[in-house]
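Engineer: One file is attached below, coords.txt, containing compact mmCIF, C-alpha atoms.
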```txt
# COMPACT_ATOMS: atom_id res chain seq x y z
CA MET A 1 61.53 99.93 97.38
CA LYS A 2 60.91 97.82 94.30
CA ILE A 3 64.24 97.72 92.47
CA LEU A 4 65.07 96.22 89.10
CA TYR A 5 68.79 95.43 88.82
CA ILE A 6 70.06 95.06 85.24
CA ALA A 7 73.38 93.39 84.41
CA PRO A 8 74.66 91.77 81.20
CA SER A 9 76.84 89.40 83.24
CA PHE A 10 76.58 85.68 82.49
CA ILE A 11 75.38 83.81 85.59
CA PRO A 12 76.78 81.52 86.79
CA SER A 13 80.30 82.12 85.49
CA ARG A 14 83.85 82.69 86.66
CA SER A 15 83.77 86.42 85.94
CA ALA A 16 84.36 88.95 88.72
CA ASN A 17 81.48 91.09 87.43
CA SER A 18 79.05 88.22 88.00
CA VAL A 19 80.26 87.95 91.61
CA HIS A 20 79.82 91.70 92.06
CA VAL A 21 76.27 91.62 90.69
CA MET A 22 75.09 88.69 92.80
CA LYS A 23 76.65 90.06 96.00
CA MET A 24 75.15 93.51 95.42
CA CYS A 25 71.66 92.14 94.78
CA ASN A 26 71.97 90.09 97.95
CA ALA A 27 73.12 93.15 99.92
CA ILE A 28 70.32 95.34 98.59
CA GLY A 29 67.86 92.61 99.52
CA ASN A 30 69.37 92.35 103.00
CA ILE A 31 68.75 96.03 103.71
CA GLY A 32 65.05 95.58 103.00
CA HIS A 33 64.43 96.22 99.31
CA ASP A 34 62.44 94.10 96.85
CA VAL A 35 65.06 93.20 94.21
CA THR A 36 64.77 91.49 90.84
CA LEU A 37 67.91 90.82 88.82
CA ILE A 38 67.69 90.67 85.03
CA THR A 39 70.77 89.06 83.55
CA ARG A 40 72.05 86.49 81.07
CA GLY A 41 72.79 82.85 81.72
CA VAL A 42 71.63 79.27 81.91
CA ASP A 43 70.53 77.00 84.74
CA LYS A 44 73.16 74.66 86.21
CA THR A 45 72.99 71.72 88.60
CA ILE A 46 74.03 73.95 91.49
CA SER A 47 71.70 76.88 92.14
CA ASP A 48 72.94 80.40 91.40
CA TYR A 49 72.46 81.32 95.05
CA ASP A 50 74.62 78.42 96.26
CA TYR A 51 77.25 79.03 93.59
CA TYR A 52 77.79 82.58 94.84
CA ASP A 53 76.98 81.87 98.50
CA VAL A 54 74.15 84.42 98.71
CA ASP A 55 70.70 84.38 100.27
CA LYS A 56 67.57 83.76 98.23
CA ASN A 57 66.33 87.25 99.02
CA PHE A 58 66.07 88.44 95.41
CA ARG A 59 64.65 87.05 92.19
CA ILE A 60 66.71 86.18 89.12
CA LEU A 61 65.35 86.46 85.58
CA LYS A 62 67.75 85.13 82.95
CA ILE A 63 67.77 85.17 79.19
CA ASN A 64 70.17 83.11 77.08
CA PHE A 65 71.05 83.98 73.50
CA ILE A 66 73.97 83.89 71.08
CA ASN A 67 76.41 86.58 72.14
CA ILE A 68 76.85 88.62 68.97
CA ARG A 69 77.86 92.19 69.66
CA PHE A 70 75.11 94.78 69.16
CA ILE A 71 72.53 92.15 68.11
CA SER A 72 72.70 90.56 71.55
CA SER A 73 72.49 94.01 73.13
CA ILE A 74 69.31 94.76 71.18
CA ILE A 75 67.74 91.44 72.22
CA PHE A 76 68.66 92.04 75.85
CA LEU A 77 67.35 95.61 75.67
CA PHE A 78 63.90 94.50 74.44
CA PHE A 79 63.78 91.82 77.15
CA ILE A 80 64.55 94.49 79.76
CA LEU A 81 61.93 96.89 78.37
CA PHE A 82 59.27 94.18 78.48
CA LYS A 83 60.10 93.38 82.11
CA ILE A 84 60.10 97.05 83.11
CA ILE A 85 56.62 97.53 81.62
CA GLN A 86 55.46 94.32 83.29
CA MET A 87 57.00 94.91 86.75
CA LYS A 88 56.79 98.71 87.11
CA PRO A 89 59.87 99.13 89.36
CA GLU A 90 60.34 102.23 91.53
CA LEU A 91 64.08 102.31 90.78
CA ILE A 92 66.26 100.85 88.04
CA TYR A 93 69.86 99.98 88.96
CA THR A 94 71.83 99.15 85.83
CA ARG A 95 75.31 97.89 84.98
CA PHE A 96 74.38 97.80 81.25
CA ARG A 97 75.47 100.92 79.37
CA PHE A 98 73.21 100.25 76.40
CA SER A 99 70.17 100.20 78.69
CA LEU A 100 70.59 103.95 79.26
CA ILE A 101 68.79 104.37 75.93
CA LEU A 102 65.62 103.34 77.78
CA ASN A 103 66.06 106.44 79.92
CA PHE A 104 64.48 108.45 77.10
CA LEU A 105 61.34 106.26 77.08
CA LEU A 106 60.80 106.00 80.83
CA LYS A 107 60.22 108.17 83.87
CA THR A 108 61.69 105.68 86.37
CA PRO A 109 64.74 106.95 88.31
CA ILE A 110 67.96 105.19 87.30
CA ILE A 111 71.23 104.52 89.10
CA PHE A 112 73.97 103.64 86.63
CA GLU A 113 77.10 101.79 87.78
CA ASP A 114 80.14 101.83 85.50
CA HIS A 115 83.48 100.07 85.98
CA SER A 116 85.45 101.53 83.08
CA PRO A 117 85.93 104.91 81.38
CA PRO A 118 83.15 106.11 79.05
CA ASN A 119 83.97 105.81 75.37
CA GLY A 120 82.53 106.34 71.91
CA ILE A 121 78.83 107.04 71.57
CA TYR A 122 78.30 106.22 75.25
CA LYS A 123 79.79 109.58 76.20
CA LYS A 124 76.84 111.36 74.60
CA ILE A 125 74.32 108.83 75.91
CA ILE A 126 75.58 109.19 79.48
CA LEU A 127 75.59 112.99 79.38
CA LYS A 128 72.03 113.12 78.01
CA ALA A 129 70.82 110.47 80.45
CA LEU A 130 72.14 112.52 83.39
CA LYS A 131 69.93 115.39 82.31
CA LYS A 132 66.86 113.14 82.49
CA ASN A 133 66.28 110.18 84.84
CA VAL A 134 69.79 109.05 85.80
CA ILE A 135 70.11 110.34 89.35
CA LYS A 136 73.67 109.16 90.01
CA ILE A 137 76.58 107.27 88.48
CA ILE A 138 78.51 104.82 90.65
CA VAL A 139 82.22 104.27 89.94
CA ILE A 140 84.60 101.92 91.74
CA SER A 141 87.53 104.24 92.48
CA SER A 142 88.43 107.89 92.84
CA ALA A 143 90.77 107.37 89.90
CA LEU A 144 87.85 106.32 87.70
CA LYS A 145 85.82 109.33 88.83
CA LYS A 146 88.71 111.57 87.78
CA ILE A 147 88.80 109.89 84.36
CA TYR A 148 85.02 110.35 84.08
CA LEU A 149 85.29 114.07 84.81
CA GLU A 150 88.08 114.46 82.27
CA SER A 151 86.21 112.45 79.61
CA LEU A 152 82.89 114.25 80.06
CA PRO A 153 83.55 117.98 80.45
CA GLY A 154 80.71 119.80 82.13
CA ILE A 155 79.34 116.72 83.92
CA ASN A 156 77.99 117.34 87.45
CA SER A 157 80.69 115.83 89.67
CA ASN A 158 78.23 115.55 92.58
CA LYS A 159 76.31 112.92 90.62
CA ILE A 160 79.36 110.66 90.36
CA ILE A 161 79.67 108.58 93.52
CA VAL A 162 82.77 106.56 94.40
CA ALA A 163 81.93 103.18 95.93
CA HIS A 164 84.80 100.72 96.04
CA ASP A 165 84.04 97.04 95.64
CA GLY A 166 83.49 94.86 98.69
CA ALA A 167 83.14 91.42 100.22
CA ASN A 168 80.98 89.65 102.76
CA PRO A 169 82.14 89.06 106.34
CA ILE A 170 83.50 85.55 106.94
CA ASN A 171 81.86 83.39 109.58
CA ILE A 172 85.07 82.02 111.08
CA SER A 173 83.36 79.59 113.44
CA SER A 174 81.59 77.71 110.66
CA ASN A 175 84.49 77.77 108.18
CA SER A 176 87.59 77.32 110.32
CA THR A 177 87.41 73.53 110.53
CA ILE A 178 86.77 72.96 106.85
CA ASP A 179 89.87 71.97 104.88
CA THR A 180 89.06 72.41 101.21
CA ILE A 181 92.69 72.01 100.11
CA ARG A 182 95.59 70.07 101.56
CA LEU A 183 98.02 72.22 103.55
CA ASN A 184 101.20 71.46 105.42
CA LYS A 185 100.36 73.09 108.73
CA LYS A 186 104.00 72.84 109.87
CA LEU A 187 104.86 75.55 107.35
CA LEU A 188 103.47 78.99 106.67
CA ASN A 189 101.11 78.94 103.73
CA ILE A 190 101.13 81.90 101.34
CA GLY A 191 98.08 82.24 99.09
CA TYR A 192 96.91 83.89 95.91
CA ILE A 193 93.33 83.70 94.67
CA GLY A 194 92.26 85.08 91.31
CA HIS A 195 92.77 85.05 87.58
CA LEU A 196 96.12 84.11 86.07
CA HIS A 197 95.94 86.62 83.22
CA LYS A 198 98.81 88.82 82.12
CA GLY A 199 99.57 91.49 84.69
CA ARG A 200 98.35 89.53 87.72
CA GLY A 201 101.90 88.93 88.94
CA ILE A 202 102.03 85.15 88.80
CA ASP A 203 105.66 85.40 87.68
CA ILE A 204 106.36 87.41 90.84
CA ILE A 205 104.84 84.65 92.99
CA LEU A 206 106.99 82.01 91.29
CA GLY A 207 110.02 84.22 91.88
CA ILE A 208 109.23 84.62 95.59
CA ALA A 209 108.72 80.87 95.94
CA GLU A 210 112.14 80.22 94.42
CA LYS A 211 113.79 82.54 96.95
CA ILE A 212 111.71 81.23 99.88
CA SER A 213 111.68 77.48 99.33
CA THR A 214 110.94 76.57 102.97
CA HIS A 215 107.25 77.57 102.82
CA ASP A 216 104.38 76.70 100.50
CA PHE A 217 102.76 78.97 97.93
CA HIS A 218 99.21 78.21 96.82
CA ILE A 219 97.71 79.57 93.60
CA ILE A 220 93.94 79.23 93.27
CA GLY A 221 92.01 80.14 90.14
CA GLY A 222 92.64 80.42 86.44
CA GLU A 223 91.52 78.85 83.20
CA THR A 224 93.09 75.50 82.26
CA LYS A 225 95.29 77.02 79.54
CA ASP A 226 96.62 79.66 81.95
CA ILE A 227 97.27 77.10 84.67
CA ASN A 228 99.18 74.88 82.23
CA TYR A 229 101.19 77.87 81.00
CA TRP A 230 102.41 78.75 84.49
CA LYS A 231 102.91 75.12 85.50
CA ASP A 232 105.27 74.70 82.55
CA LEU A 233 107.29 77.71 83.73
CA ASN A 234 107.30 76.72 87.40
CA LYS A 235 110.33 74.80 88.69
CA GLN A 236 109.49 74.94 92.37
CA LYS A 237 108.01 72.07 94.39
CA ASN A 238 106.62 74.52 96.95
CA VAL A 239 104.19 76.06 94.46
CA ILE A 240 100.83 74.30 94.29
CA PHE A 241 98.22 75.10 91.64
CA HIS A 242 94.75 74.21 92.89
CA GLY A 243 92.72 75.35 89.90
CA TYR A 244 89.41 77.16 89.91
CA LYS A 245 87.15 77.10 92.96
CA ILE A 246 83.58 78.38 92.95
CA ASN A 247 82.90 81.63 94.79
CA SER A 248 81.15 79.97 97.71
CA GLU A 249 84.43 78.24 98.67
CA ILE A 250 86.63 81.35 98.69
CA SER A 251 86.13 82.32 102.33
CA LYS A 252 86.95 78.77 103.45
CA LEU A 253 90.21 78.98 101.53
CA LEU A 254 91.26 82.45 102.63
CA ILE A 255 91.19 81.75 106.35
CA GLN A 256 93.55 78.78 105.92
CA PHE A 257 96.40 80.95 104.64
CA ASP A 258 98.90 82.91 106.74
CA ILE A 259 99.87 85.52 104.14
CA LEU A 260 97.95 86.70 101.05
CA LEU A 261 99.52 88.16 97.91
CA ALA A 262 98.09 90.75 95.49
CA PRO A 263 100.95 91.27 93.00
CA TYR A 264 99.15 93.41 90.42
CA GLN A 265 101.52 94.87 87.83
CA TYR A 266 101.54 98.28 86.13
CA LYS A 267 99.36 96.80 83.39
CA VAL A 268 96.47 94.54 84.46
CA PHE A 269 94.44 92.99 81.67
CA ILE A 270 90.93 91.50 81.78
CA ASN A 271 89.44 89.03 79.29
CA SER A 272 88.54 91.75 76.81
CA GLY A 273 92.17 92.89 76.65
CA LEU A 274 91.43 96.14 78.50
CA ASN A 275 94.17 97.40 80.84
CA THR A 276 92.39 98.34 84.09
CA ALA A 277 95.42 99.03 86.31
CA SER A 278 94.80 102.76 86.71
CA TRP A 279 91.18 102.61 87.95
CA MET A 280 90.43 99.04 89.12
CA SER A 281 88.93 97.99 92.44
CA PRO A 282 89.80 94.28 92.69
CA LEU A 283 87.38 92.04 94.55
CA LYS A 284 90.41 90.05 95.71
CA VAL A 285 91.65 92.90 97.91
CA PHE A 286 88.39 93.10 99.88
CA GLU A 287 88.07 89.32 100.15
CA TYR A 288 91.63 89.26 101.53
CA MET A 289 90.79 91.97 104.05
CA SER A 290 87.69 90.06 105.19
CA ALA A 291 89.91 87.12 106.19
CA GLY A 292 91.95 89.20 108.64
CA LYS A 293 95.24 87.94 107.21
CA ALA A 294 98.47 89.78 106.45
CA ILE A 295 98.46 91.14 102.89
CA VAL A 296 101.35 92.02 100.62
CA SER A 297 100.12 94.19 97.76
CA SER A 298 101.53 96.13 94.86
CA LYS A 299 102.03 99.81 95.56
CA LEU A 300 99.70 101.27 92.94
CA ASP A 301 97.88 104.58 93.37
CA VAL A 302 94.45 103.02 92.91
CA LEU A 303 95.14 100.30 95.51
CA GLU A 304 96.33 102.95 97.97
CA GLU A 305 92.76 104.26 97.99
CA VAL A 306 92.03 101.18 100.14
CA LEU A 307 95.33 99.82 101.46
CA SER A 308 97.96 101.65 103.50
CA HIS A 309 101.55 100.52 103.89
CA ASN A 310 102.41 99.10 107.31
CA SER A 311 98.86 99.76 108.51
CA ASN A 312 96.59 97.16 106.87
CA ALA A 313 99.12 95.75 104.37
CA LEU A 314 102.71 95.80 103.21
CA MET A 315 102.97 97.58 99.86
CA VAL A 316 105.88 97.12 97.47
CA LYS A 317 106.83 98.09 93.94
CA PRO A 318 104.89 95.83 91.58
CA ASP A 319 107.83 94.56 89.52
CA ASN A 320 110.63 94.56 92.12
CA LEU A 321 111.08 90.90 93.06
CA ASN A 322 113.60 91.67 95.82
CA ASP A 323 111.06 93.95 97.54
CA TRP A 324 108.43 91.20 97.39
CA VAL A 325 110.81 88.62 98.81
CA GLU A 326 111.85 90.97 101.62
CA ALA A 327 108.24 91.77 102.53
CA VAL A 328 107.23 88.09 102.67
CA LYS A 329 110.34 87.20 104.69
CA ASN A 330 109.54 89.94 107.20
CA LEU A 331 106.04 88.54 107.67
CA ILE A 332 107.29 84.96 107.97
CA LYS A 333 109.66 85.84 110.83
CA ASP A 334 107.35 88.35 112.57
CA GLU A 335 104.09 86.84 113.77
CA ASN A 336 103.18 90.06 115.59
CA LEU A 337 103.43 92.02 112.33
CA ARG A 338 101.23 89.46 110.57
CA GLU A 339 98.65 89.78 113.33
CA LYS A 340 98.80 93.58 113.40
CA LEU A 341 98.29 93.94 109.64
CA GLY A 342 95.56 91.30 109.52
CA ASN A 343 93.62 92.80 112.42
CA GLN A 344 93.74 96.30 110.92
CA ALA A 345 92.70 95.01 107.49
CA LEU A 346 89.72 93.26 109.05
CA LYS A 347 88.78 96.35 111.05
CA ASP A 348 88.95 98.58 107.96
CA PHE A 349 86.93 96.04 105.99
CA LYS A 350 84.14 95.86 108.56
CA ASN A 351 84.01 99.65 108.86
CA LYS A 352 83.97 100.50 105.15
CA PHE A 353 83.91 97.66 102.66
CA THR A 354 81.15 95.12 103.28
CA TRP A 355 78.60 94.72 100.49
CA GLU A 356 75.81 95.85 102.80
CA LYS A 357 77.64 99.05 103.74
CA ARG A 358 78.20 99.68 100.04
CA ALA A 359 74.52 99.16 99.23
CA LEU A 360 73.42 101.45 102.08
CA TYR A 361 75.84 104.15 100.98
CA ILE A 362 74.67 104.08 97.37
CA LEU A 363 70.93 103.91 98.07
```
If you convert what's in this file into structure tokens, what do you get?
Structural biologist:
Amino acid sequence: MKILYIAPSFIPSRSANSVHVMKMCNAIGNIGHDVTLITRGVDKTISDYDYYDVDKNFRILKINFINIRFISSIIFLFFILFKIIQMKPELIYTRFRFSLILNFLLKTPIIFEDHSPPNGIYKKIILKALKKNVIKIIVISSALKKIYLESLPGINSNKIIVAHDGANPINISSNSTIDTIRLNKKLLNIGYIGHLHKGRGIDIILGIAEKISTHDFHIIGGETKDINYWKDLNKQKNVIFHGYKINSEISKLLIQFDILLAPYQYKVFINSGLNTASWMSPLKVFEYMSAGKAIVSSKLDVLEEVLSHNSNALMVKPDNLNDWVEAVKNLIKDENLREKLGNQALKDFKNKFTWEKRALYIL
């Protein structure tokens, strides 16, 4: 099938949505479809495919313009319309809410993926679009589907499909000998990969490291200002900040750690200031699972859609430092528990949460 994938993400960038878009296009291409991605961005020294560690099995069309709200959306919309007329796709897959306006000018079937609750004028646009060419709406958690149903009374619930985020399987044989960061292999190494924004639990990690000073804690990711903020607060020598690493290096990092932490708090903020804690589907969780390592995660309802305490992870109260310390100590002293949790996480990942399985399920 000839598919046009529309996303307003900036590629390449550090944003999780750009990772999601590139991995999904790659997955859709891998299952045999002809995919073209329309997005925003500029060309860098490293290719977009290498930056995100994906195959060159889909085309990328990028437009770059000054990002002024509404004006930039109009420019992007006209660019999309021109490409649709030119390419004549059989299916449009869009992550761009504003593009649903084109639904009223076209006959092409549309799949719309949304990662946050509908608001404002988009409520009316989405409802009207569902009555025309939008054949299904993809959301990233059951919690978000519930919010959708509450926000849009009368919407056909069968058209809202829950598809959690995912990750790609890790090729252990090719990555296991690559040391991308310096580790003391005589100790257990506890890792965190992701943003350092408010609500990500970096203070919890620093607290655990203070209580467990005999093992190393590695924090990967973050903008320079965020890294400096937490470095100033950190008093522990066993906490190492490695800075941002491009997506293609993540799998090589994950398999070097013994324990992985996902200390999301009750409020989790993204760059826009939006609190996503009640409906999120963090890429980090699936990347952790793909590594087959023991995970300690916050016990939040939305994360329990994927993780299960003492089965594929240990789950503790987000803001209870003593619970976090106890969970990490239990894993440090019990290698069998680490192996059990890691193996189950990997099994669950392979069965349910690869990008290709997600693409197959949706399409």
Engineer: Within 7 Å of His218 in chain A, counting all atoms listed in the file, which residues show up once you throw out same-chain ones fewer than 4 positions away? Write them as a PyMOL selection string, please.
Structural biologist: chain A and resi 190-192+239-241
Engineer: Nearest residue to Leu331 in chain A out of A:Ala345, A:Leu260, A:Leu127, A:Ile270, using only C-alpha atoms?
Structural biologist: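 Answer, going by the shortest atom-to-atom distance: A:Leu260.
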Engineer: Set the distance at 10 Å and use only C-alpha atoms: which residues neighbour Ile362 in chain A once local chain neighbours fewer than 5 positions away are removed? I'd like the list as a list in words.
Structural biologist: Ile28, Ile111, Lys136, Ile137, Ile138, Ile161, Val162, Ala163, Glu356 and Lys357 of chain A
Engineer: Could you list, as a list in words, every residue within 7 Å of Met1 in chain A, counting only C-alpha atoms and ignoring same-chain residues fewer than 4 positions away?
Structural biologist: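 Non-adjacent residues within range: His33, Asp34 and Glu90 of chain A.
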Engineer: Go ahead and find all residues with at least one atom no further than 7 Å from (84.5, 116.3, 89.7) in the file's coordinates, using all atoms listed in the file; report them as a VMD selection string.
Structural biologist: chain A and resid 146 149 156 to 158
Engineer: Counting only C-alpha atoms, which of A:Arg59, A:Lys347, A:Lys211, A:Arg200 gets nearest to Ala277 in chain A?
Structural biologist: A:Arg200
Engineer: Restricting the calculation to only C-alpha atoms: of A:Ser213, A:Asn271, A:Asn189, A:Asn234, which residue gets closest to Gln256 in chain A?
Structural biologist: A:Asn189
Engineer: List the spatial neighbours of range 97-103 of chain A as a list in words - criterion: any atom at most 10 Å away, only C-alpha atoms, same-chain residues fewer than 6 positions off excluded.
Structural biologist: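 My reading of the contact set: Ile6, Ala7, Pro8, Phe70, Ser73, Ile74, Phe76, Leu77, Phe78, Ile80, Leu81, Ile84, Pro109, Ile110, Ile111, Phe112, Glu113, Asp114, Pro118, Tyr122, Ile125, Ile126, Lys128, Ala129, Leu130, Lys132, Asn133 and Val134 of chain A.
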Engineer: I want to know what sits within 12 Å of Ser297 in chain A, based on all atoms listed in the file, with residues of the same chain fewer than 2 positions away left out; could you give that as JSON, numbers by chain?
Structural biologist: {"A": [192, 200, 201, 204, 205, 259, 260, 261, 262, 263, 264, 265, 282, 284, 285, 286, 288, 289, 294, 295, 299, 300, 301, 302, 303, 304, 306, 307, 308, 309, 310, 312, 313, 314, 315, 316, 317, 318, 319, 320, 323, 324, 327, 328]}
Engineer: For the residues selected in the previous step, produce a file with C-alpha atoms as a PDB file, keeping the file's coordinate frame.
Structural biologist:
```
ATOM      1  CA  TYR A 192      96.910  83.890  95.910  1.00  0.00           C
ATOM      2  CA  ARG A 200      98.350  89.530  87.720  1.00  0.00           C
ATOM      3  CA  GLY A 201     101.900  88.930  88.940  1.00  0.00           C
ATOM      4  CA  ILE A 204     106.360  87.410  90.840  1.00  0.00           C
ATOM      5  CA  ILE A 205     104.840  84.650  92.990  1.00  0.00           C
ATOM      6  CA  ILE A 259      99.870  85.520 104.140  1.00  0.00           C
ATOM      7  CA  LEU A 260      97.950  86.700 101.050  1.00  0.00           C
ATOM      8  CA  LEU A 261      99.520  88.160  97.910  1.00  0.00           C
ATOM      9  CA  ALA A 262      98.090  90.750  95.490  1.00  0.00           C
ATOM     10  CA  PRO A 263     100.950  91.270  93.000  1.00  0.00           C
ATOM     11  CA  TYR A 264      99.150  93.410  90.420  1.00  0.00           C
ATOM     12  CA  GLN A 265     101.520  94.870  87.830  1.00  0.00           C
ATOM     13  CA  PRO A 282      89.800  94.280  92.690  1.00  0.00           C
ATOM     14  CA  LYS A 284      90.410  90.050  95.710  1.00  0.00           C
ATOM     15  CA  VAL A 285      91.650  92.900  97.910  1.00  0.00           C
ATOM     16  CA  PHE A 286      88.390  93.100  99.880  1.00  0.00           C
ATOM     17  CA  TYR A 288      91.630  89.260 101.530  1.00  0.00           C
ATOM     18  CA  MET A 289      90.790  91.970 104.050  1.00  0.00           C
ATOM     19  CA  ALA A 294      98.470  89.780 106.450  1.00  0.00           C
ATOM     20  CA  ILE A 295      98.460  91.140 102.890  1.00  0.00           C
ATOM     21  CA  LYS A 299     102.030  99.810  95.560  1.00  0.00           C
ATOM     22  CA  LEU A 300      99.700 101.270  92.940  1.00  0.00           C
ATOM     23  CA  ASP A 301      97.880 104.580  93.370  1.00  0.00           C
ATOM     24  CA  VAL A 302      94.450 103.020  92.910  1.00  0.00           C
ATOM     25  CA  LEU A 303      95.140 100.300  95.510  1.00  0.00           C
ATOM     26  CA  GLU A 304      96.330 102.950  97.970  1.00  0.00           C
ATOM     27  CA  VAL A 306      92.030 101.180 100.140  1.00  0.00           C
ATOM     28  CA  LEU A 307      95.330  99.820 101.460  1.00  0.00           C
ATOM     29  CA  SER A 308      97.960 101.650 103.500  1.00  0.00           C
ATOM     30  CA  HIS A 309     101.550 100.520 103.890  1.00  0.00           C
ATOM     31  CA  ASN A 310     102.410  99.100 107.310  1.00  0.00           C
ATOM     32  CA  ASN A 312      96.590  97.160 106.870  1.00  0.00           C
ATOM     33  CA  ALA A 313      99.120  95.750 104.370  1.00  0.00           C
ATOM     34  CA  LEU A 314     102.710  95.800 103.210  1.00  0.00           C
ATOM     35  CA  MET A 315     102.970  97.580  99.860  1.00  0.00           C
ATOM     36  CA  VAL A 316     105.880  97.120  97.470  1.00  0.00           C
ATOM     37  CA  LYS A 317     106.830  98.090  93.940  1.00  0.00           C
ATOM     38  CA  PRO A 318     104.890  95.830  91.580  1.00  0.00           C
ATOM     39  CA  ASP A 319     107.830  94.560  89.520  1.00  0.00           C
ATOM     40  CA  ASN A 320     110.630  94.560  92.120  1.00  0.00           C
ATOM     41  CA  ASP A 323     111.060  93.950  97.540  1.00  0.00           C
ATOM     42  CA  TRP A 324     108.430  91.200  97.390  1.00  0.00           C
ATOM     43  CA  ALA A 327     108.240  91.770 102.530  1.00  0.00           C
ATOM     44  CA  VAL A 328     107.230  88.090 102.670  1.00  0.00           C
TER      45      VAL A 328
END
```
Engineer: Separation of CA of Asp348 in chain A and CA of Val21 in chain A, in Å?
Structural biologist: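 Computing the Euclidean distance for CA of Asp348 in chain A and CA of Val21 in chain A yields 22.5 Å.
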Engineer: Which residue gives the smallest distance to Ser18 in chain A among A:Asn351, A:Ser141, A:Asn247, A:Gln86, with only C-alpha atoms counted?
Structural biologist: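 Of the candidates, the smallest distance to Ser18 in chain A is held by A:Asn247.
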Engineer: To one decimal place in Å, what is the distance between CA of Asn57 in chain A and CA of Ile92 in chain A?
Structural biologist: 17.5 Å
Engineer: Scan for residues within 6 Å of the point (72.0, 85.6, 80.2) in the coordinates of the file, using only C-alpha atoms, and reply as a PyMOL selection string.
Structural biologist: chain A and resi 10+39-41+62-64
Engineer: Work out how far CA of Asn119 in chain A is from CA of Arg69 in chain A, in Å to one decimal.
Structural biologist: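 A separation of 16.0 Å between them.
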